[in-house]
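What follows is the content of structure.tsv (TSV, C-alpha atoms and all ligand atoms).
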chain	number	residue	atom	x	y	z
F	1160	MET	CA	-7.28	-6.12	26.03
F	1161	TRP	CA	-9.72	-4.29	28.36
F	1162	ARG	CA	-12.58	-4.93	25.95
F	1163	ARG	CA	-11.69	-8.61	26.05
F	1164	VAL	CA	-11.45	-8.65	29.85
F	1165	ALA	CA	-14.86	-6.94	29.90
F	1166	ARG	CA	-16.21	-9.68	27.62
F	1167	LEU	CA	-14.82	-12.30	29.99
F	1168	SER	CA	-16.45	-10.61	32.99
F	1169	SER	CA	-19.69	-10.57	31.07
F	1170	LEU	CA	-19.30	-14.32	30.45
F	1171	ILE	CA	-18.80	-14.85	34.19
F	1172	ARG	CA	-21.78	-12.61	34.93
F	1173	SER	CA	-23.97	-14.50	32.45
F	1174	SER	CA	-22.79	-17.74	33.99
F	1175	LYS	CA	-23.92	-16.50	37.43
F	1176	ALA	CA	-27.18	-15.24	35.92
F	1177	SER	CA	-27.84	-18.58	34.25
F	1178	LEU	CA	-27.25	-20.27	37.62
F	1179	SER	CA	-29.92	-18.15	39.23
F	1180	ASN	CA	-32.24	-18.93	36.29
F	1181	GLN	CA	-31.63	-22.68	36.76
F	1182	ILE	CA	-29.96	-22.96	33.34
F	1183	PRO	CA	-26.74	-24.99	33.53
F	1184	PRO	CA	-23.93	-22.42	34.06
F	1185	ALA	CA	-20.58	-22.35	32.32
F	1186	ASN	CA	-18.36	-24.50	34.54
F	1187	GLY	CA	-14.92	-23.48	35.85
F	1188	LEU	CA	-13.15	-25.29	33.04
F	1189	GLN	CA	-15.23	-23.46	30.39
F	1190	ILE	CA	-14.45	-20.14	32.03
F	1191	LEU	CA	-10.73	-20.95	32.12
F	1192	GLU	CA	-10.83	-22.02	28.46
F	1193	ALA	CA	-12.62	-18.79	27.54
F	1194	PHE	CA	-10.05	-16.78	29.49
F	1195	SER	CA	-7.18	-18.50	27.70
F	1196	THR	CA	-8.83	-17.88	24.29
F	1197	GLU	CA	-9.37	-14.23	25.20
F	1198	ILE	CA	-5.71	-13.86	26.18
F	1199	GLN	CA	-4.62	-15.44	22.90
F	1200	LYS	CA	-6.92	-13.14	20.94
F	1201	SER	CA	-5.60	-10.17	22.83
F	1202	ALA	CA	-2.00	-11.09	21.99
F	1203	LYS	CA	-3.06	-11.28	18.32
F	1204	GLY	CA	-4.78	-7.91	18.74
F	1205	ARG	CA	-1.44	-6.31	19.53
F	1206	ASN	CA	-0.28	-8.05	16.37
F	1207	HIS	CA	-2.77	-5.98	14.32
F	1208	HIS	CA	-5.55	-8.63	14.58
F	1209	ARG	CA	-4.00	-10.46	11.64
F	1210	GLU	CA	-2.67	-13.90	10.99
F	1211	LYS	CA	-0.44	-12.58	8.18
F	1212	PRO	CA	1.11	-9.17	7.63
F	1213	PRO	CA	-0.88	-6.96	5.24
F	1214	PHE	CA	0.22	-6.22	1.67
F	1215	ILE	CA	1.71	-2.72	1.84
F	1216	THR	CA	2.21	-0.46	-1.20
F	1217	PHE	CA	3.95	2.86	-0.65
F	1218	VAL	CA	2.90	5.45	-3.25
F	1219	LEU	CA	5.49	8.13	-3.94
F	1220	GLY	CA	5.95	11.04	-6.33
F	1221	GLY	CA	6.26	14.81	-6.18
F	1222	PRO	CA	3.36	17.15	-5.35
F	1223	GLY	CA	0.79	16.98	-8.16
F	1224	SER	CA	2.29	13.88	-9.77
F	1225	GLY	CA	-1.13	12.18	-9.55
F	1226	LYS	CA	-0.68	9.87	-6.54
F	1227	GLY	CA	-4.13	10.48	-5.06
F	1228	THR	CA	-5.90	10.27	-8.43
F	1229	GLN	CA	-4.33	6.92	-9.28
F	1230	CYS	CA	-4.86	5.55	-5.76
F	1231	LEU	CA	-8.62	6.02	-6.13
F	1232	LYS	CA	-8.54	3.96	-9.32
F	1233	ILE	CA	-6.47	1.22	-7.67
F	1234	VAL	CA	-8.97	1.09	-4.80
F	1235	GLU	CA	-11.89	0.68	-7.24
F	1236	THR	CA	-10.20	-1.97	-9.34
F	1237	PHE	CA	-8.09	-3.96	-6.91
F	1238	GLY	CA	-9.81	-3.49	-3.54
F	1239	PHE	CA	-7.04	-1.76	-1.64
F	1240	SER	CA	-7.61	0.66	1.25
F	1241	HIS	CA	-6.18	4.10	0.55
F	1242	LEU	CA	-4.34	5.87	3.37
F	1243	SER	CA	-3.11	9.31	2.34
F	1244	ALA	CA	-0.59	10.68	4.85
F	1245	GLY	CA	-1.53	14.23	3.78
F	1246	ASP	CA	-5.26	13.56	4.30
F	1247	LEU	CA	-4.62	12.05	7.74
F	1248	LEU	CA	-2.60	15.13	8.73
F	1249	ARG	CA	-5.28	17.49	7.35
F	1250	LYS	CA	-7.87	15.57	9.39
F	1251	GLU	CA	-5.78	16.26	12.51
F	1252	ILE	CA	-5.84	19.98	11.68
F	1253	SER	CA	-9.58	20.12	11.13
F	1254	SER	CA	-10.35	18.08	14.26
F	1255	ASN	CA	-8.43	20.66	16.35
F	1256	SER	CA	-6.19	17.98	17.80
F	1257	GLU	CA	-3.39	19.05	20.13
F	1258	ASN	CA	-0.90	18.97	17.23
F	1259	GLY	CA	-3.23	20.64	14.72
F	1260	ALA	CA	-1.63	24.10	14.85
F	1261	MET	CA	1.90	22.73	14.45
F	1262	ILE	CA	0.83	20.50	11.54
F	1263	LEU	CA	-0.88	23.43	9.81
F	1264	GLU	CA	2.23	25.64	10.12
F	1265	THR	CA	4.49	22.84	8.85
F	1266	ILE	CA	2.29	22.13	5.83
F	1267	LYS	CA	1.89	25.85	5.00
F	1268	GLU	CA	5.68	26.14	4.94
F	1269	GLY	CA	5.99	23.12	2.65
F	1270	ASN	CA	7.90	21.17	5.29
F	1271	ILE	CA	7.57	17.68	6.72
F	1272	VAL	CA	5.67	16.91	9.91
F	1273	PRO	CA	7.61	14.97	12.63
F	1274	SER	CA	7.69	11.32	11.66
F	1275	GLU	CA	6.42	9.88	14.97
F	1276	LEU	CA	3.14	11.70	14.49
F	1277	THR	CA	2.55	10.65	10.87
F	1278	VAL	CA	3.53	7.05	11.58
F	1279	LYS	CA	1.12	6.91	14.52
F	1280	LEU	CA	-1.76	8.11	12.32
F	1281	ILE	CA	-0.96	5.54	9.61
F	1282	GLN	CA	-0.49	2.73	12.10
F	1283	ARG	CA	-3.84	3.48	13.75
F	1284	GLU	CA	-5.62	3.23	10.39
F	1285	VAL	CA	-3.91	-0.02	9.36
F	1286	GLU	CA	-4.59	-1.63	12.72
F	1287	SER	CA	-8.25	-0.68	12.80
F	1288	SER	CA	-8.93	-1.89	9.26
F	1289	GLU	CA	-10.16	-5.34	8.29
F	1290	ASN	CA	-8.54	-5.06	4.86
F	1291	ASP	CA	-5.23	-6.77	4.14
F	1292	LYS	CA	-4.10	-4.53	1.23
F	1293	PHE	CA	-3.09	-0.91	1.73
F	1294	LEU	CA	-1.91	1.98	-0.41
F	1295	ILE	CA	0.08	4.33	1.80
F	1296	ASP	CA	0.10	7.53	-0.26
F	1297	GLY	CA	2.71	10.24	0.29
F	1298	PHE	CA	4.75	8.20	2.74
F	1299	PRO	CA	7.65	7.81	3.48
F	1300	ARG	CA	8.64	11.29	2.37
F	1301	THR	CA	12.04	11.21	4.06
F	1302	GLU	CA	14.59	8.64	5.16
F	1303	GLU	CA	13.62	9.58	8.70
F	1304	ASN	CA	9.94	8.82	7.89
F	1305	ARG	CA	11.04	5.44	6.56
F	1306	ARG	CA	13.22	4.54	9.51
F	1307	THR	CA	10.63	5.61	12.04
F	1308	TYR	CA	8.00	3.47	10.32
F	1309	GLU	CA	10.35	0.46	10.32
F	1310	ARG	CA	11.10	0.97	14.00
F	1311	VAL	CA	7.54	1.57	15.20
F	1312	VAL	CA	5.53	-0.82	13.04
F	1313	SER	CA	6.15	-4.41	14.04
F	1314	VAL	CA	4.14	-6.22	11.34
F	1315	GLY	CA	4.40	-5.19	7.68
F	1316	ALA	CA	7.27	-2.77	8.35
F	1317	GLU	CA	8.66	-3.37	4.87
F	1318	PRO	CA	6.46	-2.42	1.92
F	1319	ASN	CA	5.81	-5.24	-0.54
F	1320	ILE	CA	6.10	-2.81	-3.44
F	1321	VAL	CA	6.66	0.92	-3.98
F	1322	LEU	CA	5.08	2.94	-6.81
F	1323	PHE	CA	6.83	6.10	-8.00
F	1324	PHE	CA	4.91	8.49	-10.22
F	1325	ASP	CA	7.62	10.17	-12.21
F	1326	CYS	CA	6.47	13.58	-13.45
F	1327	PRO	CA	8.36	16.64	-14.75
F	1328	GLU	CA	8.39	19.61	-12.34
F	1329	GLU	CA	6.68	21.92	-14.81
F	1330	GLU	CA	3.70	19.56	-15.11
F	1331	MET	CA	3.50	19.08	-11.32
F	1332	VAL	CA	3.44	22.84	-10.72
F	1333	LYS	CA	0.73	23.31	-13.34
F	1334	ARG	CA	-1.44	20.59	-11.78
F	1335	VAL	CA	-1.00	21.77	-8.20
F	1336	LEU	CA	-1.85	25.35	-9.07
F	1337	SER	CA	-5.07	24.27	-10.77
F	1338	ARG	CA	-6.03	21.65	-8.16
F	1339	ASN	CA	-8.68	23.91	-6.61
F	1340	GLN	CA	-9.19	22.01	-3.36
F	1341	GLY	CA	-8.59	25.05	-1.17
F	1342	ARG	CA	-5.35	23.63	0.23
F	1343	VAL	CA	-3.07	26.03	2.14
F	1344	ASP	CA	-0.02	24.54	0.40
F	1345	ASP	CA	-1.23	24.81	-3.20
F	1346	ASN	CA	0.40	28.16	-3.97
F	1347	ILE	CA	3.57	28.90	-5.92
F	1348	ASP	CA	5.83	29.68	-2.92
F	1349	THR	CA	4.88	26.56	-0.98
F	1350	VAL	CA	5.06	24.40	-4.09
F	1351	LYS	CA	8.63	25.56	-4.74
F	1352	LYS	CA	9.59	24.55	-1.20
F	1353	ARG	CA	7.80	21.21	-1.53
F	1354	LEU	CA	9.65	20.47	-4.75
F	1355	GLU	CA	12.96	21.32	-3.07
F	1356	ASN	CA	12.08	18.97	-0.23
F	1357	PHE	CA	10.97	16.31	-2.68
F	1358	ASN	CA	14.34	16.40	-4.47
F	1359	ALA	CA	16.42	16.57	-1.32
F	1360	LEU	CA	14.48	14.24	0.97
F	1361	ASN	CA	12.17	11.96	-1.03
F	1362	LEU	CA	14.45	11.01	-3.93
F	1363	PRO	CA	16.88	9.23	-1.55
F	1364	VAL	CA	13.96	7.10	-0.29
F	1365	ILE	CA	12.97	6.32	-3.88
F	1366	ASN	CA	16.57	5.31	-4.67
F	1367	TYR	CA	16.66	3.15	-1.55
F	1368	TYR	CA	13.65	1.10	-2.73
F	1369	SER	CA	14.99	0.98	-6.26
F	1370	GLU	CA	18.17	-0.62	-4.95
F	1371	LYS	CA	16.09	-3.11	-2.98
F	1372	GLY	CA	14.26	-4.12	-6.21
F	1373	LYS	CA	10.89	-2.96	-4.89
F	1374	LEU	CA	10.34	0.12	-7.04
F	1375	TYR	CA	7.93	0.45	-9.96
F	1376	LYS	CA	8.62	3.71	-11.76
F	1377	ILE	CA	5.59	4.93	-13.69
F	1378	PRO	CA	5.82	7.76	-16.23
F	1379	ALA	CA	3.11	10.13	-14.96
F	1380	VAL	CA	2.44	12.32	-18.00
F	1381	GLY	CA	-0.63	11.57	-20.09
F	1382	THR	CA	-4.32	11.27	-19.38
F	1383	GLU	CA	-5.42	9.73	-16.07
F	1384	ASP	CA	-6.59	6.64	-17.95
F	1385	GLU	CA	-3.32	6.27	-19.84
F	1386	ILE	CA	-1.43	6.36	-16.58
F	1387	PHE	CA	-3.83	3.93	-14.97
F	1388	SER	CA	-3.29	1.44	-17.79
F	1389	ARG	CA	0.38	1.40	-16.70
F	1390	VAL	CA	-0.60	0.97	-13.08
F	1391	ARG	CA	-3.13	-1.72	-13.91
F	1392	LYS	CA	-0.42	-3.84	-15.56
F	1393	ILE	CA	1.59	-3.88	-12.36
F	1394	PHE	CA	-1.25	-5.05	-10.14
F	1395	THR	CA	-2.54	-7.48	-12.75
F	1396	SER	CA	0.92	-9.07	-12.93
F	1397	LEU	CA	0.90	-9.39	-9.16
F	1398	GLU	CA	-2.57	-10.93	-9.26
F	1399	VAL	CA	-1.49	-13.40	-11.96
F	1400	LEU	CA	1.33	-14.49	-9.69
F	1401	SER	CA	-1.08	-14.59	-6.72
F	1402	MET	CA	1.20	-12.11	-5.07
F	1403	LEU	CA	-1.50	-9.75	-3.90
F	1404	SER	CA	-1.45	-11.71	-0.75
F	1405	PRO	CA	0.85	-10.49	1.93
F	1406	GLN	CA	3.07	-13.51	2.42
F	1407	PHE	CA	4.70	-12.95	-0.96
F	1408	SER	CA	7.32	-10.38	-1.55
F	1409	ILE	CA	9.27	-8.97	-4.44
F	1410	PRO	CA	11.41	-9.21	-6.54
F	1411	ILE	CA	9.51	-11.88	-8.58
F	1412	GLY	CA	6.79	-9.32	-9.37
F	1413	VAL	CA	9.32	-6.76	-10.52
F	1414	ILE	CA	10.99	-9.36	-12.74
F	1415	TRP	CA	7.62	-10.43	-14.17
F	1416	PHE	CA	6.59	-6.82	-14.81
F	1417	THR	CA	9.90	-6.07	-16.50
F	1418	LEU	CA	9.66	-9.19	-18.69
F	1419	THR	CA	6.04	-8.60	-19.71
F	1420	ASN	CA	6.85	-5.04	-20.63
F	1421	LEU	CA	9.96	-5.90	-22.59
F	1422	LEU	CA	8.44	-8.74	-24.61
C	1	LIG	N1	-2.86	12.54	-15.64
C	1	LIG	C1	-3.28	13.74	-15.27
C	1	LIG	N2	-3.32	14.77	-16.14
C	1	LIG	C2	-3.73	15.99	-15.76
C	1	LIG	N3	-4.15	16.30	-14.51
C	1	LIG	C3	-4.12	15.32	-13.59
C	1	LIG	C4	-3.68	14.00	-13.91
C	1	LIG	N4	-3.77	13.24	-12.79
C	1	LIG	C5	-4.22	14.05	-11.83
C	1	LIG	N5	-4.45	15.29	-12.28
C	1	LIG	C6	-4.92	16.46	-11.54
C	1	LIG	O1	-3.74	17.06	-10.97
C	1	LIG	C7	-4.00	17.48	-9.64
C	1	LIG	C8	-3.05	16.74	-8.69
C	1	LIG	O2	-3.39	15.36	-8.68
C	1	LIG	P1	-3.31	14.52	-7.32
C	1	LIG	O3	-3.84	13.17	-7.62
C	1	LIG	O4	-3.97	15.29	-6.23
C	1	LIG	O5	-1.73	14.49	-7.12
C	1	LIG	P2	-0.84	14.20	-5.83
C	1	LIG	O6	-1.69	13.42	-4.88
C	1	LIG	O7	0.34	13.46	-6.33
C	1	LIG	O8	-0.48	15.55	-5.31
C	1	LIG	C9	-5.48	17.19	-9.38
C	1	LIG	O9	-6.23	18.36	-9.62
C	1	LIG	C10	-5.83	16.10	-10.40
C	1	LIG	O10	-7.18	16.17	-10.79
C	2	LIG	N1	4.73	11.76	5.07
C	2	LIG	C1	4.21	12.99	5.03
C	2	LIG	C2	3.18	13.30	4.10
C	2	LIG	C3	2.69	14.57	4.05
C	2	LIG	N2	3.18	15.51	4.88
C	2	LIG	C4	2.71	16.91	4.84
C	2	LIG	C5	3.70	17.74	4.02
C	2	LIG	C6	3.08	17.71	2.66
C	2	LIG	O1	3.52	18.78	1.85
C	2	LIG	C7	1.60	17.82	3.02
C	2	LIG	C8	0.63	17.39	1.96
C	2	LIG	O2	0.91	16.04	1.63
C	2	LIG	P1	0.07	15.32	0.46
C	2	LIG	O3	0.59	13.95	0.32
C	2	LIG	O4	-1.38	15.48	0.71
C	2	LIG	O5	0.51	16.21	-0.79
C	2	LIG	P2	0.43	15.86	-2.33
C	2	LIG	O6	-0.69	14.91	-2.52
C	2	LIG	O7	1.75	15.28	-2.74
C	2	LIG	O8	0.20	17.19	-3.00
C	2	LIG	O9	1.47	17.01	4.17
C	2	LIG	C9	4.19	15.21	5.79
C	2	LIG	O10	4.65	16.07	6.52
C	2	LIG	N3	4.69	13.94	5.84
C	3	MG	MG	-2.17	13.69	-2.86
Using structure tokens, write down the structure from this file.
Ligand SMILES: Nc1ncnc2c1ncn2[C@@H]1O[C@H](COP(=O)(O)OP(=O)(O)O)[C@@H](O)[C@H]1O
Ligand SMILES: Nc1ccn([C@H]2C[C@H](O)[C@@H](COP(=O)(O)OP(=O)(O)O)O2)c(=O)n1
Ligand SMILES: [Mg+2]
Amino acid sequence: MWRRVARLSSLIRSSKASLSNQIPPANGLQILEAFSTEIQKSAKGRNHHREKPPFITFVLGGPGSGKGTQCLKIVETFGFSHLSAGDLLRKEISSNSENGAMILETIKEGNIVPSELTVKLIQREVESSENDKFLIDGFPRTEENRRTYERVVSVGAEPNIVLFFDCPEEEMVKRVLSRNQGRVDDNIDTVKKRLENFNALNLPVINYYSEKGKLYKIPAVGTEDEIFSRVRKIFTSLEVLSMLSPQFSIPIGVIWFTLTNLL
């Protein structure tokens, strides 16, 4: 809003300047019209600068199930923006933000950061992006995460689809312990706690979206490429149905995916 008011003042200033330079100035009506346009734009700005809500995909699965790996492939192939809740929280830690120490402790313990904070970080990224397709990776991890997001985010509060990478615990533990990214939570004690939290807190969210007909469950064992061929089918089906545009919602895509995979 303030940037827009500043732009309006600059218009008025340039109008005065043009007067002194003997160039015909913007008249009162033009200034009023510009002001009204700026106010309209500013109202849209609060509405995430978008005419339509973005296409939101939540990406869920236990630690090490391959969410991040598959998201990178979806970005390359289908042009989504990837927002990893974990990466956004780690960025807060490394930028020494006021909540950095608390986030670090929470992550080290294998627990979940307060929802308001995570939602704010995600919302900021969505609102500042020009893209209209997002993968929100590792969110919502709890019913409380989900409800907070629905309450705080006014446009696109409901995901269009939800991916769930279904991976056996043994495989997830093996992958996390050989991830080698220097993460404070990639050790056996923290992984055990994260798996407990996944079962207790994330599975109810996954069931919630399954009941709503929005869930795509993807078996997550196999090579990265094998898993991506499963993922690709989902997004290709959505593209075929022109559903990778935000105004469409499920369950047609889920029905199509089910049919094409059964036939
Ligand atoms: N299909 C796969 N098979 C074996 N290892 C994998 C596979 N997909 C990912 N990985 C590896 O497992 C680790 C965890 O993957 P990642 O994508 O970070 O999972 P998540 O984001 O779900 O925790 C990474 O080291 C990654 O390279
Ligand atoms: N919605 C979220 C997502 C992540 N976190 C915290 C707690 C998680 O164990 C860590 C790491 O999350 P991240 O998604 O990067 O972890 P994985 O990719 O599943 O291994 O961040 C959170 O508190 N709330
Ligand atoms: Mg990840």
Please give me, as a PDB file with C-alpha atoms, keeping the file's coordinate frame, the residues lying within 7 Å of ligand LIG 1 (chain C) when counting only C-alpha atoms and all ligand atoms.
ATOM      1  CA  GLY F1220       5.950  11.040  -6.330  1.00  0.00           C
ATOM      2  CA  GLY F1221       6.260  14.810  -6.180  1.00  0.00           C
ATOM      3  CA  PRO F1222       3.360  17.150  -5.350  1.00  0.00           C
ATOM      4  CA  GLY F1223       0.790  16.980  -8.160  1.00  0.00           C
ATOM      5  CA  SER F1224       2.290  13.880  -9.770  1.00  0.00           C
ATOM      6  CA  GLY F1225      -1.130  12.180  -9.550  1.00  0.00           C
ATOM      7  CA  LYS F1226      -0.680   9.870  -6.540  1.00  0.00           C
ATOM      8  CA  GLY F1227      -4.130  10.480  -5.060  1.00  0.00           C
ATOM      9  CA  THR F1228      -5.900  10.270  -8.430  1.00  0.00           C
ATOM     10  CA  GLN F1229      -4.330   6.920  -9.280  1.00  0.00           C
ATOM     11  CA  ARG F1334      -1.440  20.590 -11.780  1.00  0.00           C
ATOM     12  CA  VAL F1335      -1.000  21.770  -8.200  1.00  0.00           C
ATOM     13  CA  SER F1337      -5.070  24.270 -10.770  1.00  0.00           C
ATOM     14  CA  ARG F1338      -6.030  21.650  -8.160  1.00  0.00           C
ATOM     15  CA  ASN F1339      -8.680  23.910  -6.610  1.00  0.00           C
ATOM     16  CA  ALA F1379       3.110  10.130 -14.960  1.00  0.00           C
ATOM     17  CA  VAL F1380       2.440  12.320 -18.000  1.00  0.00           C
ATOM     18  CA  GLY F1381      -0.630  11.570 -20.090  1.00  0.00           C
ATOM     19  CA  THR F1382      -4.320  11.270 -19.380  1.00  0.00           C
ATOM     20  CA  GLU F1383      -5.420   9.730 -16.070  1.00  0.00           C
ATOM     21  CA  ILE F1386      -1.430   6.360 -16.580  1.00  0.00           C
TER      22      ILE F1386
END
Of F:Ile1365, F:Ile1295, F:Val1272, F:Val1321, the one sitting nearest F:Gly1259 when using all atoms listed in the file is F:Val1272
Looking at all atoms listed in the file, which of F:Phe1214, F:Phe1237, F:Phe1298, F:Tyr1368 is the one that sits closest to ligand MG 3 (chain C)?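 Using all atoms listed in the file, ligand MG 3 (chain C) sits closest to F:Phe1298.
Shortest separation to F:Val1343 among F:Lys1267, F:Arg1249, F:Arg1300, F:His1241 occurs at residue F:Lys1267, atoms counted being all atoms listed in the file.
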Quick one: 5 Å padding each side, axis-aligned, all listed atoms of ligand LIG 2 (chain C) - centre and edge lengths in Å to one decimal, as AutoDock Vina command-line options?
--center_x 1.7 --center_y 15.3 --center_z 1.8 --size_x 16.1 --size_y 17.0 --size_z 19.5
My list of candidates is F:Asn1346, F:Asn1319, F:Asn1258, F:Thr1265. Which is closest to F:Phe1217 when distances are computed with all atoms listed in the file?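 Counting all atoms listed in the file, the residue closest to F:Phe1217 is F:Asn1319.
Using all atoms listed in the file, the nearest neighbour of ligand LIG 2 (chain C) within the list F:Lys1376, F:Arg1389, F:Arg1305, F:Lys1292 is F:Arg1305.
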Between F:Glu1257, F:Glu1268, F:Glu1251, F:Asp1246, smallest distance to F:Thr1349 by only C-alpha atoms belongs to F:Glu1268
Show me as a VMD selection string the residues that reach within 12 Å of (13.1, 6.4, 8.7), counting all atoms listed in the file and using the file's own coordinates. chain F and resid 1273 to 1275 1277 to 1278 1298 to 1312 1316 to 1317 1360 to 1361 1363 to 1364 1367
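Note that the spacing between atom CA of F:Glu1286 and atom CA of F:Lys1211 amounts to 12.6 Å.
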Skip F:Ile1320 itself and residues of its chain fewer than 2 positions away, then list as a list in words all residues within 8 Å of it, counting all atoms listed in the file. Ile1215, Thr1216, Phe1217, Pro1318, Leu1322, Lys1373, Leu1374, Tyr1375, Ser1408 and Ile1409 of chain F
Interatomic distance (Å, one decimal) between atom CA of F:Lys1352 and atom CA of F:Leu1219: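 We find that atom CA of F:Lys1352 and atom CA of F:Leu1219 lie 17.1 Å from each other.
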